[in-house]
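Chemist: Hey, dropping work17.cif in here, mmCIF, C-alpha atoms:
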data_final
#
loop_
_atom_site.label_atom_id
_atom_site.label_comp_id
_atom_site.auth_asym_id
_atom_site.auth_seq_id
_atom_site.Cartn_x
_atom_site.Cartn_y
_atom_site.Cartn_z
CA MET R 98 0.00 0.00 0.00
CA SER R 99 1.21 3.42 -0.85
CA THR R 100 2.46 5.56 1.96
CA LYS R 101 0.19 8.36 0.87
CA LEU R 102 -2.89 6.26 1.47
CA GLN R 103 -1.60 5.51 4.93
CA SER R 104 -1.38 9.19 5.70
CA VAL R 105 -4.98 9.58 4.54
CA GLU R 106 -6.13 6.69 6.66
CA ALA R 107 -4.43 8.11 9.71
CA ASN R 108 -7.01 10.89 9.72
CA LEU R 109 -10.00 8.65 9.10
CA GLY R 110 -9.74 6.25 12.01
CA LYS R 111 -9.26 6.59 15.72
CA SER R 112 -6.05 8.25 16.77
CA GLN R 113 -5.89 6.24 19.96
CA ILE R 114 -6.30 2.52 19.49
CA PRO R 115 -6.90 0.56 22.67
CA GLU R 116 -4.17 -1.92 23.47
CA PHE R 117 -5.16 -5.50 24.10
CA LYS R 118 -4.36 -8.98 22.89
CA VAL R 119 -6.07 -12.22 22.06
CA GLY R 120 -6.86 -14.01 25.30
CA ASP R 121 -7.52 -10.85 27.29
CA HIS R 122 -10.70 -10.54 29.30
CA VAL R 123 -12.11 -7.20 28.20
CA SER R 124 -15.03 -4.88 28.64
CA VAL R 125 -16.10 -3.25 25.37
CA GLY R 126 -18.10 -0.03 25.60
CA VAL R 127 -20.75 0.02 22.89
CA LEU R 128 -22.57 3.26 22.17
CA ILE R 129 -26.29 2.70 21.76
CA ARG R 130 -28.64 5.29 20.34
CA GLU R 131 -32.35 4.99 20.82
CA PRO R 132 -35.09 7.33 19.64
CA ALA R 133 -36.62 9.36 22.45
CA PRO R 134 -39.83 7.82 23.81
CA LYS R 135 -43.10 9.39 22.73
CA GLY R 136 -44.10 12.40 24.80
CA ALA R 137 -40.61 12.97 26.10
CA LYS R 138 -39.61 16.59 26.52
CA ASN R 139 -36.23 16.09 24.97
CA LYS R 140 -36.74 14.98 21.39
CA GLU R 141 -33.12 14.08 20.83
CA ASP R 142 -32.00 10.48 20.54
CA ARG R 143 -30.95 8.96 23.80
CA GLU R 144 -27.42 7.70 24.08
CA ARG R 145 -25.98 5.26 26.51
CA ILE R 146 -23.00 2.98 26.70
CA GLN R 147 -23.51 -0.73 27.11
CA ASN R 148 -20.61 -2.90 28.14
CA PHE R 149 -19.99 -6.26 26.55
CA ILE R 150 -17.66 -8.28 28.74
CA GLY R 151 -15.85 -11.37 27.55
CA ASP R 152 -12.66 -12.92 26.20
CA VAL R 153 -11.02 -11.72 23.00
CA ILE R 154 -10.78 -14.87 20.91
CA ALA R 155 -9.68 -13.43 17.58
CA MET R 156 -8.36 -10.31 15.93
CA GLY R 157 -8.41 -9.70 12.22
CA GLY R 158 -8.22 -7.18 9.43
CA THR R 159 -5.72 -4.50 8.61
CA ASN R 160 -5.63 -0.73 8.97
CA LEU R 161 -9.14 0.72 9.19
CA GLY R 162 -10.69 -2.69 8.71
CA ARG R 163 -9.30 -4.16 11.92
CA SER R 164 -11.78 -6.04 14.03
CA PHE R 165 -11.86 -8.33 17.04
CA THR R 166 -14.18 -11.02 18.34
CA VAL R 167 -15.30 -11.12 21.96
CA ARG R 168 -16.84 -14.29 23.38
CA ARG R 169 -18.77 -14.71 26.57
CA VAL R 170 -21.11 -17.33 27.91
CA VAL R 171 -24.55 -16.05 28.90
CA GLN R 172 -26.83 -18.47 30.73
CA GLY R 173 -24.98 -21.43 29.29
CA GLU R 174 -25.20 -20.08 25.76
CA GLY R 175 -22.05 -18.86 24.04
CA VAL R 176 -22.35 -15.36 22.61
CA GLU R 177 -19.79 -13.87 20.25
CA ARG R 178 -19.69 -10.33 18.94
CA VAL R 179 -17.37 -8.99 16.27
CA PHE R 180 -16.42 -5.36 16.81
CA PRO R 181 -14.76 -3.16 14.20
CA LEU R 182 -11.86 -1.58 16.07
CA HIS R 183 -12.27 1.84 14.45
CA SER R 184 -16.05 2.07 14.71
CA PRO R 185 -17.17 5.19 16.55
CA LEU R 186 -19.72 3.01 18.31
CA VAL R 187 -16.93 1.13 20.07
CA THR R 188 -16.12 3.77 22.65
CA GLU R 189 -13.53 1.93 24.71
CA VAL R 190 -11.93 -1.42 25.31
CA LYS R 191 -10.88 -1.96 28.90
CA VAL R 192 -8.67 -4.89 29.77
CA ILE R 193 -9.95 -6.52 32.93
CA ARG R 194 -7.46 -9.40 32.97
CA HIS R 195 -4.57 -10.20 30.67
CA GLY R 196 -4.61 -13.73 29.31
CA LYS R 197 -1.72 -16.05 28.56
CA VAL R 198 -2.38 -17.91 25.33
CA ARG R 199 -0.32 -19.63 22.65
CA ARG R 200 -2.75 -19.22 19.74
CA ALA R 201 -3.82 -16.26 17.63
CA LYS R 202 -7.37 -17.60 17.35
CA LEU R 203 -9.05 -19.26 20.29
CA TYR R 204 -11.83 -20.96 18.36
CA ASP R 205 -11.31 -24.12 20.39
CA LEU R 206 -13.08 -22.36 23.27
CA ARG R 207 -16.34 -22.84 21.42
CA ASP R 208 -16.21 -26.57 22.06
CA LYS R 209 -15.11 -26.22 25.65
CA SER R 210 -17.03 -25.31 28.73
CA GLY R 211 -16.49 -24.82 32.41
CA LYS R 212 -12.95 -25.35 33.67
CA ALA R 213 -11.65 -26.31 30.22
CA ALA R 214 -12.60 -22.92 28.85
CA ARG R 215 -10.45 -21.00 31.29
CA ILE R 216 -7.60 -18.82 30.11
CA LYS R 217 -4.45 -18.54 32.20
CA GLU R 218 -3.72 -15.10 33.52
CA ARG R 219 -0.67 -13.30 32.24
CA THR R 220 1.11 -11.29 34.85
CA VAL R 221 2.22 -7.95 33.57
CA ARG R 222 5.53 -6.57 34.69
CA LYS R 223 5.45 -3.24 36.46
CA SER R 224 7.43 -1.51 33.74
CA ASP R 225 4.78 -2.57 31.20
CA LYS R 226 1.92 -1.44 33.31
CA THR R 227 1.89 2.01 31.81
CA SER R 228 0.68 0.42 28.59
CA LYS R 229 -2.18 -1.23 30.42
CA PRO R 230 -5.27 0.46 28.98
CA SER R 231 -7.16 0.41 32.26
CA LYS R 232 -4.47 2.61 33.76
CA ASP R 233 -3.84 5.42 31.34
CA THR R 234 -3.61 5.32 27.56
CA LYS R 235 -3.35 9.04 27.07
CA ALA R 236 0.17 9.07 28.43
CA GLU R 237 1.51 7.73 25.13
CA MET A 1174 -15.30 25.44 -14.92
CA ASN A 1175 -16.50 22.39 -13.11
CA THR A 1176 -13.98 19.76 -14.12
CA LEU A 1177 -10.56 18.86 -12.77
CA LEU A 1178 -7.88 16.33 -13.62
CA GLY A 1179 -6.62 14.01 -10.93
CA THR A 1180 -5.33 10.55 -10.25
CA LYS A 1181 -6.85 7.69 -8.36
CA ARG A 1182 -4.83 7.05 -5.22
CA GLY A 1183 -6.65 4.02 -3.91
CA MET A 1184 -9.56 2.86 -1.85
CA THR A 1185 -10.08 2.78 1.87
CA GLN A 1186 -12.96 3.20 4.26
CA LEU A 1187 -14.28 5.65 6.78
CA TRP A 1188 -16.89 5.70 9.47
CA ARG A 1189 -19.97 7.82 9.73
CA GLU A 1190 -20.84 9.00 13.19
CA ASN A 1191 -23.75 6.55 13.41
CA GLY A 1192 -21.34 3.66 13.03
CA THR A 1193 -21.90 2.80 9.37
CA ARG A 1194 -18.81 2.05 7.33
CA VAL A 1195 -18.43 3.79 3.99
CA PRO A 1196 -16.16 2.65 1.15
CA VAL A 1197 -14.24 5.62 -0.21
CA THR A 1198 -11.88 6.30 -3.08
CA VAL A 1199 -9.06 8.76 -2.50
CA LEU A 1200 -8.44 10.99 -5.49
CA ASP A 1201 -5.35 13.15 -5.77
CA VAL A 1202 -6.44 16.36 -7.39
CA ALA A 1203 -3.48 18.68 -7.54
CA GLN A 1204 -3.70 22.18 -8.92
CA ASN A 1205 -5.06 22.35 -12.46
CA THR A 1206 -3.96 25.14 -14.77
CA VAL A 1207 -5.77 26.39 -17.84
CA THR A 1208 -3.33 25.87 -20.71
CA GLY A 1209 -5.60 26.85 -23.56
CA ILE A 1210 -9.04 28.07 -24.54
CA ARG A 1211 -11.19 27.12 -27.52
CA THR A 1212 -13.70 29.71 -28.63
CA LEU A 1213 -16.68 29.59 -30.97
CA GLU A 1214 -15.19 32.22 -33.25
CA LYS A 1215 -11.77 30.65 -33.57
CA ASP A 1216 -12.35 26.92 -33.21
CA GLY A 1217 -16.08 26.46 -33.79
CA TYR A 1218 -16.66 25.12 -30.29
CA GLU A 1219 -16.20 26.21 -26.73
CA ALA A 1220 -13.82 24.37 -24.41
CA VAL A 1221 -11.19 24.85 -21.77
CA GLN A 1222 -7.90 22.98 -21.91
CA ILE A 1223 -6.59 22.09 -18.49
CA GLY A 1224 -3.32 20.52 -17.42
CA SER A 1225 -2.11 18.82 -14.29
CA GLY A 1226 0.70 16.69 -12.89
CA ALA A 1227 4.47 17.04 -13.04
CA ILE A 1228 6.75 15.84 -15.84
CA ARG A 1229 10.47 16.29 -16.54
CA PRO A 1230 10.90 19.06 -19.14
CA PHE A 1231 13.02 17.03 -21.63
CA LEU A 1232 10.12 14.64 -22.15
CA VAL A 1233 7.92 17.42 -23.51
CA SER A 1234 8.01 18.62 -27.10
CA LYS A 1235 9.21 22.17 -27.65
CA PRO A 1236 5.92 23.48 -29.06
CA ARG A 1237 4.19 22.17 -25.93
CA LEU A 1238 6.80 23.75 -23.69
CA GLY A 1239 6.19 27.07 -25.42
CA GLN A 1240 2.47 26.70 -24.87
CA PHE A 1241 2.98 26.02 -21.20
CA GLN A 1242 5.29 28.98 -20.92
CA LYS A 1243 2.60 31.20 -22.38
CA ALA A 1244 0.20 29.92 -19.77
CA GLY A 1245 2.66 31.10 -17.14
CA LEU A 1246 3.59 27.62 -15.93
CA GLU A 1247 6.95 27.23 -14.23
CA SER A 1248 7.21 23.52 -15.03
CA PRO A 1249 5.43 21.50 -17.74
CA VAL A 1250 2.34 19.42 -16.96
CA ARG A 1251 1.97 15.71 -17.69
CA HIS A 1252 -1.73 15.48 -18.44
CA VAL A 1253 -3.59 17.84 -20.73
CA ARG A 1254 -7.28 17.45 -21.51
CA GLU A 1255 -9.93 19.58 -23.13
CA VAL A 1256 -13.17 20.05 -21.25
CA ARG A 1257 -16.28 21.16 -23.06
CA CYS A 1258 -17.88 23.95 -21.07
CA GLU A 1259 -18.84 27.57 -21.29
CA VAL A 1260 -15.61 29.49 -21.16
CA GLY A 1261 -17.04 32.60 -19.53
CA ASP A 1262 -14.30 34.70 -17.99
CA VAL A 1263 -11.78 31.87 -17.63
CA GLU A 1264 -8.35 32.94 -18.86
CA VAL A 1265 -5.25 31.04 -19.88
CA GLY A 1266 -3.04 30.56 -16.85
CA ALA A 1267 -5.92 30.50 -14.38
CA ALA A 1268 -5.53 27.87 -11.67
CA PHE A 1269 -8.14 25.66 -10.10
CA ASN A 1270 -7.96 23.18 -7.26
CA VAL A 1271 -10.21 20.98 -5.13
CA ASP A 1272 -11.89 24.05 -3.65
CA LEU A 1273 -14.21 23.72 -6.63
CA PHE A 1274 -15.95 20.90 -4.82
CA GLU A 1275 -17.52 20.86 -1.41
CA VAL A 1276 -18.39 18.16 1.06
CA GLY A 1277 -21.90 16.83 0.55
CA GLY A 1278 -21.87 17.59 -3.17
CA PHE A 1279 -21.87 15.02 -5.93
CA VAL A 1280 -19.36 14.39 -8.71
CA ASP A 1281 -19.04 12.31 -11.85
CA VAL A 1282 -15.71 10.57 -12.29
CA VAL A 1283 -14.38 9.55 -15.69
CA GLY A 1284 -11.52 7.10 -15.99
CA SER A 1285 -10.14 4.27 -18.07
CA SER A 1286 -11.23 0.86 -16.86
CA LYS A 1287 -8.62 -1.79 -16.14
CA GLY A 1288 -7.66 -3.73 -19.26
CA LYS A 1289 -8.79 -7.35 -19.19
CA GLY A 1290 -7.04 -8.51 -22.37
CA PHE A 1291 -8.73 -10.90 -24.79
CA ALA A 1292 -11.75 -12.04 -22.82
CA GLY A 1293 -14.34 -14.70 -23.62
CA THR A 1294 -18.06 -14.18 -23.86
CA ILE A 1295 -18.79 -15.20 -20.29
CA LYS A 1296 -16.55 -12.53 -18.79
CA ARG A 1297 -17.11 -9.94 -21.49
CA HIS A 1298 -20.84 -10.16 -22.06
CA GLY A 1299 -22.11 -12.21 -19.15
CA PHE A 1300 -23.07 -15.24 -21.24
CA ALA A 1301 -24.21 -18.35 -19.39
CA ARG A 1302 -21.85 -21.26 -18.98
CA GLY A 1303 -22.64 -24.70 -20.39
CA PRO A 1304 -22.73 -27.90 -18.34
CA VAL A 1305 -19.37 -29.04 -17.01
CA THR A 1306 -20.13 -32.74 -16.66
CA HIS A 1307 -21.96 -35.55 -18.48
CA GLY A 1308 -19.56 -35.42 -21.40
CA SER A 1309 -20.18 -31.77 -22.17
CA GLN A 1310 -17.50 -30.02 -24.17
CA ASN A 1311 -19.48 -26.78 -24.18
CA VAL A 1312 -18.26 -25.22 -20.95
CA ARG A 1313 -17.30 -21.67 -21.92
CA ARG A 1314 -18.19 -21.69 -25.61
CA PRO A 1315 -20.33 -18.86 -27.01
CA GLY A 1316 -22.92 -21.17 -28.62
CA SER A 1317 -24.54 -20.55 -31.98
CA ILE A 1318 -23.67 -17.26 -33.63
CA GLY A 1319 -26.35 -17.28 -36.29
CA MET A 1320 -28.81 -19.17 -38.48
CA CYS A 1321 -28.23 -21.13 -41.68
CA LYS A 1322 -27.65 -20.63 -45.41
CA TYR A 1323 -30.02 -17.74 -45.02
CA PRO A 1324 -28.84 -15.14 -44.06
CA GLY A 1325 -25.50 -16.86 -44.54
CA ARG A 1326 -23.60 -14.34 -42.48
CA VAL A 1327 -23.14 -13.29 -38.91
CA ILE A 1328 -25.38 -10.44 -37.86
CA ARG A 1329 -23.50 -7.22 -37.22
CA GLY A 1330 -22.94 -6.42 -33.54
CA LYS A 1331 -23.03 -10.08 -32.49
CA ARG A 1332 -21.44 -10.26 -29.08
CA MET A 1333 -18.27 -12.32 -29.21
CA ALA A 1334 -14.94 -12.72 -27.45
CA GLY A 1335 -12.42 -9.92 -27.78
CA ARG A 1336 -10.51 -7.16 -26.10
CA MET A 1337 -12.16 -6.06 -22.88
CA GLY A 1338 -11.57 -3.13 -20.58
CA ASN A 1339 -9.23 -0.17 -20.96
CA GLU A 1340 -12.08 1.98 -22.17
CA ARG A 1341 -13.56 5.24 -20.99
CA VAL A 1342 -15.98 4.69 -18.14
CA THR A 1343 -18.02 7.31 -16.31
CA VAL A 1344 -19.39 6.83 -12.82
CA LYS A 1345 -22.07 9.34 -11.99
CA GLY A 1346 -23.28 10.88 -8.77
CA LEU A 1347 -20.58 9.98 -6.27
CA GLU A 1348 -20.96 11.74 -2.94
CA ILE A 1349 -18.05 13.88 -1.79
CA LEU A 1350 -17.18 12.88 1.75
CA ALA A 1351 -14.12 15.01 2.35
CA VAL A 1352 -12.12 17.72 0.65
CA ASP A 1353 -8.51 18.18 1.71
CA ALA A 1354 -7.36 21.38 0.05
CA GLU A 1355 -3.99 21.26 1.75
CA ASN A 1356 -2.98 17.94 0.19
CA GLY A 1357 -5.19 18.31 -2.86
CA GLN A 1358 -7.22 15.24 -2.06
CA LEU A 1359 -10.83 14.34 -2.58
CA LEU A 1360 -12.66 11.49 -0.88
CA VAL A 1361 -15.64 10.18 -2.82
CA LYS A 1362 -18.03 7.43 -1.89
CA GLY A 1363 -17.64 4.16 -3.73
CA PRO A 1364 -15.35 2.85 -6.43
CA VAL A 1365 -13.95 4.72 -9.40
CA PRO A 1366 -12.91 3.18 -12.76
CA GLY A 1367 -9.29 2.30 -13.42
CA ALA A 1368 -6.22 1.15 -11.56
CA ASN A 1369 -4.58 3.04 -8.72
CA GLY A 1370 -2.54 5.88 -10.12
CA GLY A 1371 -4.74 6.17 -13.19
CA LEU A 1372 -5.83 9.50 -14.62
CA VAL A 1373 -9.38 10.53 -13.77
CA LEU A 1374 -11.57 13.43 -14.72
CA VAL A 1375 -13.68 14.77 -11.86
CA ARG A 1376 -16.62 17.03 -12.63
CA SER A 1377 -19.51 18.25 -10.56
CA SER A 1378 -22.48 16.01 -11.23
CA ASN A 1379 -25.71 17.06 -12.85
CA LEU A 1380 -27.34 14.13 -11.10
CA VAL A 1381 -27.24 16.17 -7.89
CA GLN A 1382 -30.85 17.26 -7.88
CA THR A 1383 -32.38 13.86 -8.52
CA LYS A 1384 -30.05 12.29 -6.00
CA SER A 1385 -30.61 14.78 -3.21
CA LYS A 1386 -34.35 14.48 -3.67
CA LYS A 1387 -34.07 10.85 -2.76
CA GLY A 1388 -32.45 11.87 0.49
CA GLY A 1389 -28.90 12.30 -0.71
CA LYS A 1390 -27.88 8.72 -0.19
#
What would you get if you wrote out this structure as structure tokens?
Modeler:
Amino acid sequence: MSTKLQSVEANLGKSQIPEFKVGDHVSVGVLIREPAPKGAKNKEDRERIQNFIGDVIAMGGTNLGRSFTVRRVVQGEGVERVFPLHSPLVTEVKVIRHGKVRRAKLYDLRDKSGKAARIKERTVRKSDKTSKPSKDTKAE
Amino acid sequence: MNTLLGTKRGMTQLWRENGTRVPVTVLDVAQNTVTGIRTLEKDGYEAVQIGSGAIRPFLVSKPRLGQFQKAGLESPVRHVREVRCEVGDVEVGAAFNVDLFEVGGFVDVVGSSKGKGFAGTIKRHGFARGPVTHGSQNVRRPGSIGMCKYPGRVIRGKRMAGRMGNERVTVKGLEILAVDAENGQLLVKGPVPGANGGLVLVRSSNLVQTKSKKGGK
């Protein structure tokens, strides 16, 4: 890809990309807009942020097309959501727990349940902690 | 003047605030200079000749160089095209850039489609394929091309295999999503004919009214 297109893309996506890896337990903030209920004084659409909490099992795409898949188990039923990383509706990705994994895609989790579906925690060294998104990303 | 010369940089995507993803083509539209004017009295038609892009001087013929000099150009331009339009008060040497267009407007983009070489009827004209199994030999053949002793010839215009692509293609009514005057770049919605780096003609669209009536989508 030409370097010039990269400079264009730099202005089109998010300037600050949350830092996380496959295997991390994350909380994704999803912006939800709903039309104001009938008879409400404020006619503007209502906005709120809903958190989707789960394990990152895959990351894909390049540049502005990057996306990641978050899996969680709700009432015994596996739920997976694919989020485009640069979407303005994905307001934040907070790492709750770093995971220690040896695969880029954790699709095997789909066939596992209970204790088998656990991901080992990765301890983060103190010097790396500044890059931990839950602490402070703006420092970079 | 409503037309500019540019090159296709490539495609990417951007996000609308409501979270929808939009495919965009980045067009490099550097400054265009008027290098000549055709008038009704002198040439029998009205047009403006515009030029754009850089080229090393020794590649340009001397008559051309002289013409560029007259237009007040410091360095010669690579691409020169005539654009049919009302000349009005446009003068030789006048410069235009992407400021001509504004975000939310619509443009037509003219370019040369990618050459496909000698293509068969399926690719070139969308013919149906024959069966691949049961002993069929008629997989990508064009089928019958006519009748019998009468008329005894192939009807003119019969669609057959041949050269495909590398022809002038116009895409109409593309929405302008961003104008970067500083870098001379234009972001339009959707694809544009031709390969990356290809020459394109960008003109404000006369489809605007019909399109915006539909809600400007």
Chemist: Would you compute, for all listed atoms of stretch 101-119 of chain R, the axis-aligned bounding box grown by 8 Å on each side, and then report its centre and edge lengths in Å rounded to one decimal, as AutoDock Vina command-line options?
Modeler:
--center_x -4.9 --center_y -0.7 --center_z 12.5 --size_x 26.2 --size_y 39.1 --size_z 39.2
Chemist: Rounded to one decimal place, report the atom CA of A:Glu1264-atom CA of A:Val1221 distance in Å.
Modeler: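 Going from atom CA of A:Glu1264 over to atom CA of A:Val1221 covers 9.1 Å.
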Chemist: Quick check on the file I pasted: which residues fall under the PyMOL selection byres ((chain R) within 10 of (chain A))? Write them as a count of residues only.
Modeler: 23
Chemist: Calculate how many Å separate atom CA of R:Gly126 from atom CA of R:Ile150, rounding to one decimal.
Modeler: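 Atom CA of R:Gly126 sits 8.8 Å away from atom CA of R:Ile150.
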Chemist: To one decimal in Å, tell me the separation between atom CA of A:Lys1287 and atom CA of A:Pro1366.
Modeler: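 Between atom CA of A:Lys1287 and atom CA of A:Pro1366 the gap is 7.4 Å.
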Chemist: Show which residues sit within 10 Å of R:Thr188, as a VMD selection string. Count only C-alpha atoms, and ignore same-chain residues fewer than 5 positions away.
Modeler: chain R and resid 115 125 to 128 146 to 148 182 to 183
